[in-house]
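J.: This is model_33.csv (CSV, C-alpha atoms).
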chain,number,residue,atom,x,y,z
A,24,MET,CA,36.4,-162.9,-0.7
A,25,ASP,CA,34.0,-162.3,-3.6
A,26,TYR,CA,30.4,-162.4,-2.5
A,27,GLU,CA,27.0,-161.3,-3.8
A,28,ILE,CA,24.4,-159.7,-1.6
A,29,LEU,CA,21.0,-161.2,-2.4
A,30,LEU,CA,19.1,-159.5,0.3
A,31,SER,CA,20.0,-156.5,2.3
A,32,ARG,CA,18.9,-155.0,5.6
A,33,ARG,CA,15.8,-157.2,5.9
A,34,PRO,CA,14.2,-159.0,8.8
A,35,LEU,CA,15.7,-162.4,9.7
A,36,ASN,CA,12.5,-164.3,8.8
A,37,GLU,CA,12.6,-162.9,5.3
A,38,CYS,CA,16.3,-163.9,4.9
A,39,SER,CA,15.6,-167.4,6.1
A,40,LYS,CA,12.6,-167.7,3.8
A,41,LEU,CA,14.7,-166.7,0.7
A,42,ILE,CA,17.3,-169.4,1.4
A,43,ARG,CA,14.7,-172.1,2.0
A,44,LYS,CA,12.7,-171.2,-1.1
A,45,ARG,CA,15.6,-170.6,-3.5
A,46,CYS,CA,18.0,-173.5,-2.7
A,47,ARG,CA,17.2,-177.1,-3.4
A,48,GLU,CA,20.0,-178.1,-1.0
A,49,VAL,CA,19.5,-176.7,2.5
A,50,TYR,CA,21.1,-177.6,5.8
A,51,PHE,CA,20.1,-176.3,9.2
A,52,VAL,CA,22.5,-175.4,12.0
A,53,ASP,CA,22.5,-173.9,15.5
A,54,PRO,CA,23.9,-170.5,16.3
A,55,GLY,CA,27.7,-170.5,16.5
A,56,TYR,CA,28.3,-172.8,13.5
A,57,LYS,CA,31.4,-171.6,11.8
A,58,ILE,CA,31.7,-170.9,8.1
A,59,PHE,CA,34.8,-169.1,6.6
A,60,GLY,CA,35.7,-168.0,10.1
A,61,LEU,CA,32.2,-166.4,10.6
A,62,TYR,CA,30.1,-167.6,13.5
A,63,LEU,CA,26.5,-167.8,12.3
A,64,ILE,CA,24.0,-165.8,14.5
A,65,GLY,CA,20.3,-166.2,14.4
A,66,VAL,CA,17.2,-167.9,15.6
A,67,PRO,CA,17.7,-171.7,15.3
A,68,PRO,CA,17.4,-173.6,13.0
A,69,ILE,CA,19.6,-171.3,10.8
A,70,PRO,CA,19.5,-172.3,7.1
A,71,ILE,CA,22.6,-172.7,4.9
A,72,GLY,CA,21.8,-173.0,1.2
A,73,VAL,CA,23.9,-174.6,-1.5
A,74,GLU,CA,23.5,-173.3,-5.0
A,75,ASP,CA,25.9,-174.0,-7.9
A,76,GLU,CA,28.8,-174.8,-5.5
A,77,HIS,CA,28.1,-171.5,-3.7
A,78,LEU,CA,26.9,-171.1,-0.2
A,79,LEU,CA,24.0,-168.9,0.8
A,80,ILE,CA,24.1,-167.7,4.4
A,81,ILE,CA,22.5,-165.1,6.6
A,82,TYR,CA,25.0,-162.5,7.9
A,83,LEU,CA,23.9,-160.1,10.7
A,84,LYS,CA,25.1,-156.7,11.5
A,85,PRO,CA,23.7,-155.1,14.7
A,86,CYS,CA,23.1,-151.6,13.2
A,87,HIS,CA,22.1,-152.7,9.7
A,88,GLY,CA,20.0,-155.8,10.0
A,89,ALA,CA,20.3,-159.1,8.2
A,90,PHE,CA,21.8,-159.9,4.8
A,91,VAL,CA,21.7,-162.9,2.6
A,92,LEU,CA,25.2,-163.5,1.1
A,93,LYS,CA,26.2,-165.8,-1.7
A,94,LEU,CA,29.8,-167.0,-1.3
A,95,PRO,CA,32.0,-169.2,-3.4
A,96,GLY,CA,32.0,-172.7,-1.7
A,97,ASP,CA,35.8,-173.0,-1.7
A,98,GLY,CA,35.9,-176.4,0.1
A,99,GLU,CA,33.2,-175.5,2.7
A,100,VAL,CA,30.4,-177.1,0.6
A,101,GLU,CA,32.1,-180.5,0.8
A,102,ARG,CA,32.7,-180.0,4.6
A,103,ILE,CA,29.1,-179.0,5.2
A,104,ARG,CA,27.8,-181.9,3.1
A,105,ALA,CA,30.0,-184.3,5.1
A,106,GLU,CA,29.1,-182.8,8.5
A,107,LEU,CA,25.4,-182.1,8.1
A,108,LYS,CA,22.4,-183.9,7.0
A,109,LYS,CA,20.4,-182.5,4.1
A,110,LEU,CA,16.8,-181.7,5.0
B,19,MET,CA,44.1,-159.7,36.8
B,20,VAL,CA,41.8,-157.1,35.2
B,21,CYS,CA,39.8,-156.9,38.4
B,22,LEU,CA,42.9,-156.1,40.4
B,23,LEU,CA,44.0,-153.5,38.0
B,24,MET,CA,40.6,-151.8,38.1
B,25,GLY,CA,40.8,-151.8,41.9
B,26,LEU,CA,37.8,-154.1,42.2
B,27,PRO,CA,37.7,-157.2,44.4
B,28,VAL,CA,37.8,-160.6,42.8
B,29,MET,CA,34.3,-161.6,42.1
B,30,ALA,CA,33.0,-165.1,42.1
B,31,LYS,CA,30.4,-164.7,39.4
B,32,ASP,CA,30.4,-163.0,36.1
B,33,ALA,CA,28.0,-161.6,33.5
B,34,LEU,CA,28.1,-161.0,29.8
B,35,VAL,CA,26.2,-157.8,28.9
B,36,LEU,CA,25.5,-157.9,25.2
B,37,LEU,CA,24.8,-154.5,23.6
B,38,GLY,CA,22.9,-153.8,20.4
B,39,CYS,CA,23.2,-151.0,17.9
B,40,PRO,CA,23.7,-147.8,20.0
B,41,LYS,CA,21.3,-145.7,18.1
B,42,PHE,CA,19.0,-145.3,21.1
B,43,PRO,CA,20.6,-143.1,23.7
B,44,VAL,CA,19.3,-145.0,26.7
B,45,GLN,CA,21.4,-148.1,26.0
B,46,THR,CA,24.8,-146.8,27.0
B,47,SER,CA,23.5,-145.0,30.1
B,48,LEU,CA,21.5,-148.1,31.3
B,49,ALA,CA,24.4,-150.5,30.4
B,50,ILE,CA,26.7,-148.5,32.8
B,51,TYR,CA,23.9,-148.4,35.4
B,52,LEU,CA,23.5,-152.2,35.0
B,53,GLY,CA,27.2,-152.6,35.5
B,54,HIS,CA,27.0,-150.6,38.7
B,55,ARG,CA,24.1,-152.9,39.9
B,56,LEU,CA,26.0,-156.1,39.0
B,57,VAL,CA,29.2,-155.0,40.7
B,58,GLY,CA,27.1,-154.2,43.7
B,59,GLU,CA,26.0,-157.8,43.7
B,60,ASP,CA,29.6,-159.1,43.3
B,61,ILE,CA,29.0,-160.0,39.7
B,62,LEU,CA,31.8,-159.0,37.3
B,63,PRO,CA,30.3,-157.5,34.1
B,64,VAL,CA,31.9,-158.1,30.7
B,65,PHE,CA,30.5,-155.9,27.9
B,66,ALA,CA,30.2,-157.1,24.3
B,67,GLY,CA,29.2,-154.8,21.5
B,68,ASN,CA,30.3,-153.4,18.2
B,69,ARG,CA,33.0,-150.8,18.0
B,70,SER,CA,30.7,-147.8,18.5
B,71,ALA,CA,28.8,-149.3,21.4
B,72,ILE,CA,32.1,-150.2,23.2
B,73,ALA,CA,33.6,-146.7,22.5
B,74,LEU,CA,30.5,-145.0,24.0
B,75,LEU,CA,31.0,-147.1,27.2
B,76,GLU,CA,34.7,-146.5,27.4
B,77,ILE,CA,34.3,-142.7,27.1
B,78,ALA,CA,31.4,-142.5,29.5
B,79,ASP,CA,33.2,-144.6,32.2
B,80,PRO,CA,36.9,-143.6,31.7
B,81,GLU,CA,38.1,-145.2,35.0
B,82,GLY,CA,36.2,-148.4,34.3
B,83,ARG,CA,34.3,-148.3,37.6
B,84,TYR,CA,31.4,-150.1,36.2
B,85,ARG,CA,33.0,-152.3,33.6
B,86,GLY,CA,35.6,-154.2,35.5
B,87,GLY,CA,35.5,-157.3,33.4
B,88,GLY,CA,36.4,-155.4,30.3
B,89,PHE,CA,35.1,-155.7,26.7
B,90,MET,CA,34.7,-158.2,24.0
B,91,ASP,CA,33.8,-157.7,20.3
B,92,LEU,CA,30.3,-159.0,19.6
B,93,ASP,CA,31.3,-161.7,17.1
B,94,GLU,CA,34.3,-162.7,19.3
B,95,ALA,CA,31.9,-163.2,22.2
B,96,ILE,CA,29.6,-165.4,20.1
B,97,GLY,CA,32.6,-167.4,18.8
B,98,ALA,CA,34.1,-167.9,22.3
B,99,LEU,CA,30.7,-169.0,23.6
B,100,SER,CA,30.2,-171.4,20.7
B,101,GLU,CA,33.7,-173.0,21.1
B,102,GLY,CA,33.2,-173.3,24.9
B,103,ARG,CA,36.2,-171.0,25.6
B,104,VAL,CA,34.0,-168.9,27.9
B,105,ASP,CA,30.7,-169.0,29.6
B,106,PHE,CA,29.0,-166.7,32.1
B,107,ASP,CA,26.7,-167.2,35.1
B,108,LEU,CA,24.5,-164.5,33.6
B,109,CYS,CA,23.9,-163.1,30.1
B,110,VAL,CA,22.0,-159.9,29.8
B,111,VAL,CA,21.1,-158.9,26.2
B,112,PHE,CA,19.9,-155.5,25.3
B,113,VAL,CA,17.1,-155.8,22.7
B,114,HIS,CA,15.5,-153.1,20.6
B,115,SER,CA,15.6,-154.6,17.1
B,116,ASP,CA,15.2,-157.7,15.0
B,117,PRO,CA,19.0,-158.4,14.9
B,118,ASP,CA,19.1,-158.2,18.7
B,119,ILE,CA,16.5,-161.0,18.8
B,120,ALA,CA,19.0,-163.1,16.8
B,121,TYR,CA,21.8,-162.4,19.3
B,122,LEU,CA,19.4,-163.2,22.2
B,123,ALA,CA,18.5,-166.5,20.5
B,124,SER,CA,22.2,-167.3,19.9
B,125,VAL,CA,23.1,-166.6,23.5
B,126,LEU,CA,20.2,-168.8,24.7
B,127,ALA,CA,21.5,-171.6,22.5
B,128,LEU,CA,25.1,-171.2,23.5
B,129,SER,CA,25.2,-170.3,27.2
B,130,ASP,CA,24.4,-172.4,30.2
B,131,GLY,CA,23.9,-169.3,32.3
B,132,ILE,CA,20.8,-167.4,33.1
B,133,VAL,CA,19.7,-165.3,30.2
B,134,VAL,CA,17.8,-162.0,30.6
B,135,ALA,CA,16.5,-159.7,27.9
B,136,ILE,CA,16.4,-156.0,28.5
B,137,VAL,CA,13.8,-154.8,26.0
B,138,PHE,CA,13.4,-151.1,25.1
B,139,GLY,CA,12.7,-148.8,22.1
B,140,GLY,CA,9.4,-148.1,20.5
B,141,ASP,CA,7.8,-151.5,19.9
B,142,VAL,CA,8.3,-153.0,23.3
B,143,GLY,CA,5.2,-155.3,23.1
B,144,GLY,CA,6.2,-156.8,19.8
B,145,LEU,CA,9.8,-157.4,20.9
B,146,GLU,CA,8.7,-159.0,24.2
B,147,ARG,CA,6.6,-161.4,22.1
B,148,ARG,CA,9.6,-162.2,19.9
B,149,CYS,CA,11.8,-162.8,23.0
B,150,ARG,CA,9.3,-165.4,24.3
B,151,GLU,CA,9.0,-167.0,20.9
B,152,VAL,CA,12.8,-167.6,20.9
B,153,GLY,CA,12.6,-169.1,24.4
B,154,CYS,CA,13.5,-166.2,26.7
B,155,ASP,CA,11.0,-165.7,29.6
B,156,ARG,CA,13.2,-163.5,31.8
B,157,ILE,CA,12.4,-160.0,30.4
B,158,VAL,CA,12.9,-156.5,31.8
B,159,ALA,CA,11.0,-154.1,29.6
B,160,ALA,CA,9.9,-150.5,29.2
B,161,ARG,CA,9.3,-148.1,26.4
B,162,ALA,CA,12.5,-146.0,26.4
B,163,ILE,CA,14.3,-144.2,23.6
B,164,HIS,CA,15.7,-141.0,25.0
B,165,ASN,CA,14.6,-141.1,28.7
B,166,PRO,CA,16.1,-144.0,30.7
B,167,LEU,CA,14.1,-143.5,33.8
B,168,LEU,CA,11.2,-145.9,33.1
B,169,LEU,CA,13.6,-148.7,32.2
B,170,LYS,CA,15.9,-147.9,35.2
B,171,GLU,CA,12.8,-148.4,37.4
B,172,GLU,CA,12.3,-151.8,35.9
B,173,ILE,CA,16.0,-152.7,36.4
B,174,ASP,CA,15.7,-151.5,40.0
B,175,GLY,CA,12.8,-153.9,40.3
B,176,VAL,CA,15.1,-156.8,39.9
B,177,LYS,CA,16.1,-157.6,43.4
B,178,ARG,CA,18.9,-160.1,42.5
B,179,TRP,CA,20.3,-160.9,39.1
B,180,LEU,CA,21.6,-164.3,40.2
B,181,PRO,CA,20.5,-166.6,43.0
B,182,VAL,CA,22.6,-166.4,46.1
Here is a file; write its structure as structure tokens.
T.:
Amino acid sequence: MDYEILLSRRPLNECSKLIRKRCREVYFVDPGYKIFGLYLIGVPPIPIGVEDEHLLIIYLKPCHGAFVLKLPGDGEVERIRAELKKL
Amino acid sequence: MVCLLMGLPVMAKDALVLLGCPKFPVQTSLAIYLGHRLVGEDILPVFAGNRSAIALLEIADPEGRYRGGGFMDLDEAIGALSEGRVDFDLCVVFVHSDPDIAYLASVLALSDGIVVAIVFGGDVGGLERRCREVGCDRIVAARAIHNPLLLKEEIDGVKRWLPV
């Protein structure tokens, strides 16, 4: 899957702040919410941003910290819009 | 099945032991020690970690004496908890970094079991504060990076990991 790394190896708070500031459309989920087969991990509420039909999510790696990834929506944007309430 | 293969009795209770990045040497040693303590309390430990953390355990405990419940990949463990395919009576999360706090918060949100944080590393005070901020008030903590003895003493201070 094509993706862009917007933030790399940063604290979780910083990643969360980037998504909330950058995206006009933001949804909040609990840990374990599944996107593209990935289970989101983090301190709830975990933000998911929508930007130009792309999704912005926090991706966590134990040895490397948190990343903000921008992924093509590929159907997931519609599902998220249907499942979650925009805040 | 796994228990019988390992020569361990069937245990009524189980525990998920979630490991962080294995960059601090004390983690593997204390995880095996914790496994020993849990087995002694008839709790079957299942260890979850990334590939390196699991390989360190496997090599240090080749006969699986202290890890009778086997292993899970970290993301697989979170996925199984979130889909309700598994849950544990006890979840112990090793915490020494910001990502570990995220795993702790996720386990707190997903498991109905008792959740305990084992906090170590250099900034123990700051990490303890973060643990409480995300809702974990069961904390075993000591400054430990290379020498496991201080944290072992704290682990020994826990008389029972689960109520009888």
J.: In the coordinates of the file, take the point (30.5, -177.8, 6.6) and a cut-off of 12 Å; then, counting only C-alpha atoms, name each qualifying protein, DNA or RNA residue as an MDAnalysis selection string.
T.: chainID A and resid 49:52 56:60 71:73 78 96:109
J.: Name all residues at most 9 Å from Pro40 in chain B (count all atoms listed in the file; drop same-chain ones fewer than 6 positions away) and give them as a list in words.
T.: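 Here the qualifying residues turn out to be Cys86 of chain A; Thr46, Asn68, Ser70, Ala71 and Leu74 of chain B.
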J.: Can you measure CA of Ala89 in chain A to CA of Gly65 in chain A for me? One decimal in Å is fine.
T.: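 These two atoms are separated by 9.4 Å.
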J.: With all atoms listed in the file counted, which protein, DNA or RNA residues have an atom no more than 12 Å from (18.5, -147.4, 41.2) in the file frame? Please answer as JSON, numbers by chain.
T.: {"B": [48, 50, 51, 52, 53, 54, 55, 56, 58, 166, 167, 168, 169, 170, 171, 172, 173, 174, 175, 176, 177]}
J.: Could you list the residues in chain A lying within 8 Å of chain B, using only C-alpha atoms, and format the result as an NGL selection string?
T.: :A and (34-35 or 53-56 or 62 or 64-67 or 83-86 or 88-89)
